[in-house]
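This report refers to the structure that appears directly beneath it.
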Amino acid sequence: MLVCCADIRALDNARPLLAGRGGHAPSGFARSLLLVAARELWGWRALPEVAYRRSGKPYFPAEPRRYFSLSHTRTHVLAAVAEVPVGADVETARERPAQLWQRLMSESERRDFEPYELWCLRESCYKLMDGGDLRTMPFRREGGRIAAPVEGVSCRLYRPDEGCFAAACALGAEPPEGLLLVPPREICS
């Protein structure tokens, strides 16, 4: 399994290596990062066709045992590739009312996680499971490890940059300890 991240703040939105869904530049940078990750893990020189489930979750129809998850925020893109089901999320922190986090986080979650850590964990688990209730997925820390709300799921948190949070969840495997930080020029044309 590999989780890659790239900083897109200085990139020209007209220049992603691959086109994004609906022509959206951050989506193009995320797909471009997917190509970099797939090349690194599987040796692929090109991506196979990507299809979308009714839920919007992308997958490779011709490669049913190759899994991936993409995420983008205004500052970073994230791509996770694996041979087990995987979900990943990246978020750039921004000011939110304290009442929002109080509604979305239990008291024990507020002790165990920063708000954006929990948000990324929930999003990555949601993507992995292709559904669920983002507001009530209970996560906790047990002995230095993150306990996911779904049996057999392992999760890890990352901090790719100041003010940026990321997480990956996988079914039947442990996400890597660290991110592969990809130079932005590698996802540009």
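Letters A, B, ... mark the chains of the structure tokens in the order given; residue numbers begin at 1 per chain; ligand numbers begin at 1, in order shown.
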- DSSP helix (DSSP H, G or I) residues within segment 17-98 of chain A, as a ChimeraX atom specification: /A:21-23,25-42,98
Quick one: everything within 9 Å of Arg122 of chain A, counting only C-alpha atoms, minus sequence neighbours fewer than 3 positions away in the same chain. Send it as a PDB file with N, CA, C and O atoms, in the first residue's frame.
```pdb
ATOM      1  N   ASP A  89      -8.399  10.623   2.776  1.00  0.00           N
ATOM      2  CA  ASP A  89      -8.928  11.986   2.755  1.00  0.00           C
ATOM      3  C   ASP A  89      -7.842  12.967   3.170  1.00  0.00           C
ATOM      4  O   ASP A  89      -6.991  12.643   3.996  1.00  0.00           O
ATOM      5  N   GLU A 117      -8.465  15.958  12.321  1.00  0.00           N
ATOM      6  CA  GLU A 117      -8.036  14.560  12.327  1.00  0.00           C
ATOM      7  C   GLU A 117      -9.253  13.650  12.275  1.00  0.00           C
ATOM      8  O   GLU A 117      -9.307  12.719  11.465  1.00  0.00           O
ATOM      9  N   LEU A 118     -10.229  13.934  13.136  1.00  0.00           N
ATOM     10  CA  LEU A 118     -11.434  13.108  13.164  1.00  0.00           C
ATOM     11  C   LEU A 118     -12.197  13.220  11.848  1.00  0.00           C
ATOM     12  O   LEU A 118     -12.689  12.229  11.316  1.00  0.00           O
ATOM     13  N   TRP A 119     -12.261  14.419  11.299  1.00  0.00           N
ATOM     14  CA  TRP A 119     -12.955  14.607  10.022  1.00  0.00           C
ATOM     15  C   TRP A 119     -12.317  13.732   8.933  1.00  0.00           C
ATOM     16  O   TRP A 119     -13.005  13.036   8.188  1.00  0.00           O
ATOM     17  N   CYS A 125     -12.808   6.516   6.152  1.00  0.00           N
ATOM     18  CA  CYS A 125     -13.572   5.299   6.449  1.00  0.00           C
ATOM     19  C   CYS A 125     -14.848   5.248   5.605  1.00  0.00           C
ATOM     20  O   CYS A 125     -15.229   4.194   5.088  1.00  0.00           O
ATOM     21  N   TYR A 126     -15.497   6.382   5.439  1.00  0.00           N
ATOM     22  CA  TYR A 126     -16.693   6.473   4.596  1.00  0.00           C
ATOM     23  C   TYR A 126     -16.360   6.038   3.165  1.00  0.00           C
ATOM     24  O   TYR A 126     -17.088   5.273   2.543  1.00  0.00           O
ATOM     25  N   LYS A 127     -15.243   6.537   2.633  1.00  0.00           N
ATOM     26  CA  LYS A 127     -14.834   6.167   1.275  1.00  0.00           C
ATOM     27  C   LYS A 127     -14.493   4.684   1.191  1.00  0.00           C
ATOM     28  O   LYS A 127     -14.848   4.012   0.220  1.00  0.00           O
ATOM     29  N   ASP A 133     -22.523   6.920   8.186  1.00  0.00           N
ATOM     30  CA  ASP A 133     -22.957   8.210   8.709  1.00  0.00           C
ATOM     31  C   ASP A 133     -21.733   8.974   9.204  1.00  0.00           C
ATOM     32  O   ASP A 133     -21.179   8.660  10.252  1.00  0.00           O
ATOM     33  N   LEU A 134     -21.328   9.954   8.430  1.00  0.00           N
ATOM     34  CA  LEU A 134     -20.125  10.720   8.755  1.00  0.00           C
ATOM     35  C   LEU A 134     -20.195  11.386  10.120  1.00  0.00           C
ATOM     36  O   LEU A 134     -19.169  11.608  10.758  1.00  0.00           O
ATOM     37  N   ARG A 135     -21.372  11.722  10.565  1.00  0.00           N
ATOM     38  CA  ARG A 135     -21.499  12.457  11.828  1.00  0.00           C
ATOM     39  C   ARG A 135     -21.357  11.573  13.056  1.00  0.00           C
ATOM     40  O   ARG A 135     -21.118  12.070  14.140  1.00  0.00           O
ATOM     41  N   THR A 136     -21.524  10.269  12.872  1.00  0.00           N
ATOM     42  CA  THR A 136     -21.551   9.410  14.066  1.00  0.00           C
ATOM     43  C   THR A 136     -20.533   8.282  14.041  1.00  0.00           C
ATOM     44  O   THR A 136     -20.590   7.417  14.908  1.00  0.00           O
ATOM     45  N   MET A 137     -19.619   8.247  13.074  1.00  0.00           N
ATOM     46  CA  MET A 137     -18.598   7.189  13.080  1.00  0.00           C
ATOM     47  C   MET A 137     -17.691   7.390  14.289  1.00  0.00           C
ATOM     48  O   MET A 137     -16.928   8.350  14.333  1.00  0.00           O
ATOM     49  N   PRO A 138     -17.751   6.490  15.275  1.00  0.00           N
ATOM     50  CA  PRO A 138     -16.949   6.688  16.484  1.00  0.00           C
ATOM     51  C   PRO A 138     -15.523   6.157  16.330  1.00  0.00           C
ATOM     52  O   PRO A 138     -15.311   4.985  16.040  1.00  0.00           O
ATOM     53  N   PHE A 139     -14.557   7.003  16.506  1.00  0.00           N
ATOM     54  CA  PHE A 139     -13.148   6.612  16.524  1.00  0.00           C
ATOM     55  C   PHE A 139     -12.615   6.865  17.920  1.00  0.00           C
ATOM     56  O   PHE A 139     -13.101   7.733  18.630  1.00  0.00           O
ATOM     57  N   ALA A 167      -5.707  11.281   6.268  1.00  0.00           N
ATOM     58  CA  ALA A 167      -5.900   9.970   6.891  1.00  0.00           C
ATOM     59  C   ALA A 167      -6.092   8.937   5.797  1.00  0.00           C
ATOM     60  O   ALA A 167      -6.549   9.250   4.695  1.00  0.00           O
TER      61      ALA A 167
END
```
- Message: I need the residue nearest Tyr158 of chain A from this list: A:Gly172, A:Val3, A:Gly87, A:Arg185. Use only C-alpha atoms for the distance.
- Response: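 The closest residue to Tyr158 of chain A is A:Val3.
Excluding Cys120 of chain A and any residue on its chain fewer than 3 positions from it, the residues at most 8 Å away by only C-alpha atoms are Ala88, Asp89, Val90, Glu91, Tyr116, Glu117, Glu123, Ser124, Phe165, Ala166 and Ala167 of chain A.
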- Query: Nearest to Trp44 of chain A among A:Ala170, A:Ala14, A:Ile8, A:Val81, with distances taken over only C-alpha atoms: which residue is it?
  - Reply: A:Val81
- Message: Let's see if you can do this: from backbone DSSP, list all strand (DSSP E) residues in segment 44-123 of chain A, as a list in words.
- Response: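 Assigned to strand (DSSP E), within segment 44-123 of chain A: Ala51, Tyr52, Pro58, Tyr59, Tyr67, Phe68, Ser69, Leu70, Ser71, His72, His76, Val77, Leu78, Ala79, Ala80, Val81, Ala82, Val86, Gly87, Ala88, Asp89, Val90, Glu91 and Thr92 of chain A.
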For the selection you just gave me, I'd like the residues written to a file as a PDB file, in the first residue's frame, keeping N, CA and C atoms.
```
ATOM      1  N   ALA A  51     -14.047   3.906 -13.714  1.00  0.00           N
ATOM      2  CA  ALA A  51     -15.509   3.979 -13.727  1.00  0.00           C
ATOM      3  C   ALA A  51     -15.964   4.441 -12.338  1.00  0.00           C
ATOM      4  N   TYR A  52     -17.251   4.747 -12.232  1.00  0.00           N
ATOM      5  CA  TYR A  52     -17.793   5.262 -10.972  1.00  0.00           C
ATOM      6  C   TYR A  52     -19.031   4.480 -10.570  1.00  0.00           C
ATOM      7  N   PRO A  58     -14.866   5.900  -7.283  1.00  0.00           N
ATOM      8  CA  PRO A  58     -14.178   5.454  -8.491  1.00  0.00           C
ATOM      9  C   PRO A  58     -13.515   4.080  -8.299  1.00  0.00           C
ATOM     10  N   TYR A  59     -13.358   3.372  -9.420  1.00  0.00           N
ATOM     11  CA  TYR A  59     -12.680   2.072  -9.386  1.00  0.00           C
ATOM     12  C   TYR A  59     -12.175   1.742 -10.783  1.00  0.00           C
ATOM     13  N   TYR A  67      -7.017  -1.312  -5.790  1.00  0.00           N
ATOM     14  CA  TYR A  67      -7.901  -0.352  -5.153  1.00  0.00           C
ATOM     15  C   TYR A  67      -7.208   0.996  -5.039  1.00  0.00           C
ATOM     16  N   PHE A  68      -8.029   2.059  -5.028  1.00  0.00           N
ATOM     17  CA  PHE A  68      -7.469   3.394  -4.846  1.00  0.00           C
ATOM     18  C   PHE A  68      -8.513   4.308  -4.241  1.00  0.00           C
ATOM     19  N   SER A  69      -8.023   5.400  -3.698  1.00  0.00           N
ATOM     20  CA  SER A  69      -8.883   6.440  -3.158  1.00  0.00           C
ATOM     21  C   SER A  69      -8.187   7.769  -3.404  1.00  0.00           C
ATOM     22  N   LEU A  70      -8.959   8.761  -3.801  1.00  0.00           N
ATOM     23  CA  LEU A  70      -8.432  10.087  -4.107  1.00  0.00           C
ATOM     24  C   LEU A  70      -9.095  11.137  -3.231  1.00  0.00           C
ATOM     25  N   SER A  71      -8.354  12.197  -2.976  1.00  0.00           N
ATOM     26  CA  SER A  71      -8.918  13.324  -2.245  1.00  0.00           C
ATOM     27  C   SER A  71      -8.159  14.580  -2.646  1.00  0.00           C
ATOM     28  N   HIS A  72      -8.867  15.702  -2.587  1.00  0.00           N
ATOM     29  CA  HIS A  72      -8.196  16.977  -2.841  1.00  0.00           C
ATOM     30  C   HIS A  72      -8.840  18.060  -1.996  1.00  0.00           C
ATOM     31  N   HIS A  76      -3.740  20.709  -1.232  1.00  0.00           N
ATOM     32  CA  HIS A  76      -3.077  19.421  -1.410  1.00  0.00           C
ATOM     33  C   HIS A  76      -3.980  18.410  -2.121  1.00  0.00           C
ATOM     34  N   VAL A  77      -3.333  17.416  -2.737  1.00  0.00           N
ATOM     35  CA  VAL A  77      -4.035  16.254  -3.283  1.00  0.00           C
ATOM     36  C   VAL A  77      -3.441  15.012  -2.636  1.00  0.00           C
ATOM     37  N   LEU A  78      -4.258  13.959  -2.549  1.00  0.00           N
ATOM     38  CA  LEU A  78      -3.855  12.719  -1.896  1.00  0.00           C
ATOM     39  C   LEU A  78      -4.332  11.556  -2.752  1.00  0.00           C
ATOM     40  N   ALA A  79      -3.503  10.540  -2.894  1.00  0.00           N
ATOM     41  CA  ALA A  79      -3.876   9.317  -3.615  1.00  0.00           C
ATOM     42  C   ALA A  79      -3.358   8.127  -2.817  1.00  0.00           C
ATOM     43  N   ALA A  80      -4.243   7.188  -2.527  1.00  0.00           N
ATOM     44  CA  ALA A  80      -3.863   5.941  -1.865  1.00  0.00           C
ATOM     45  C   ALA A  80      -4.106   4.806  -2.849  1.00  0.00           C
ATOM     46  N   VAL A  81      -3.136   3.911  -2.988  1.00  0.00           N
ATOM     47  CA  VAL A  81      -3.273   2.733  -3.852  1.00  0.00           C
ATOM     48  C   VAL A  81      -2.919   1.503  -3.025  1.00  0.00           C
ATOM     49  N   ALA A  82      -3.640   0.409  -3.286  1.00  0.00           N
ATOM     50  CA  ALA A  82      -3.435  -0.790  -2.477  1.00  0.00           C
ATOM     51  C   ALA A  82      -4.015  -2.012  -3.180  1.00  0.00           C
ATOM     52  N   VAL A  86      -9.297   0.486   0.214  1.00  0.00           N
ATOM     53  CA  VAL A  86      -8.654   1.615   0.889  1.00  0.00           C
ATOM     54  C   VAL A  86      -9.521   2.869   0.735  1.00  0.00           C
ATOM     55  N   GLY A  87      -9.439   3.751   1.710  1.00  0.00           N
ATOM     56  CA  GLY A  87     -10.088   5.061   1.648  1.00  0.00           C
ATOM     57  C   GLY A  87      -9.110   6.093   2.172  1.00  0.00           C
ATOM     58  N   ALA A  88      -9.136   7.301   1.609  1.00  0.00           N
ATOM     59  CA  ALA A  88      -8.199   8.342   2.032  1.00  0.00           C
ATOM     60  C   ALA A  88      -8.855   9.707   1.937  1.00  0.00           C
ATOM     61  N   ASP A  89      -8.399  10.623   2.776  1.00  0.00           N
ATOM     62  CA  ASP A  89      -8.928  11.986   2.755  1.00  0.00           C
ATOM     63  C   ASP A  89      -7.842  12.967   3.170  1.00  0.00           C
ATOM     64  N   VAL A  90      -7.901  14.159   2.591  1.00  0.00           N
ATOM     65  CA  VAL A  90      -7.009  15.253   2.964  1.00  0.00           C
ATOM     66  C   VAL A  90      -7.860  16.507   3.145  1.00  0.00           C
ATOM     67  N   GLU A  91      -7.546  17.289   4.143  1.00  0.00           N
ATOM     68  CA  GLU A  91      -8.279  18.517   4.437  1.00  0.00           C
ATOM     69  C   GLU A  91      -7.310  19.616   4.849  1.00  0.00           C
ATOM     70  N   THR A  92      -7.590  20.819   4.408  1.00  0.00           N
ATOM     71  CA  THR A  92      -6.863  21.994   4.864  1.00  0.00           C
ATOM     72  C   THR A  92      -7.717  22.659   5.935  1.00  0.00           C
TER      73      THR A  92
END
```
- Find, counting only C-alpha atoms, the residue in A:Ser27, A:Arg145, A:Ser106, A:Cys5 that gets nearest to Cys164 of chain A.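 Among the listed residues, the smallest separation from Cys164 of chain A belongs to A:Cys5.
Here the question is which of A:Ala147, A:Val182, A:Arg103, A:Ala168 gets nearest to Leu34 of chain A using only C-alpha atoms, and that residue is A:Val182.
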- Message: Between atom CA of Asp112 of chain A and atom CA of Ser154 of chain A, what is the distance in Å, rounded to a tenth?
- Response: 16.4 Å
- Which neighbours of Pro48 of chain A fall inside 10 Å, counting only C-alpha atoms, when residues of the same chain fewer than 4 positions from it are skipped, and could you give them as a PyMOL selection string? chain A and resi 35+44+59-63
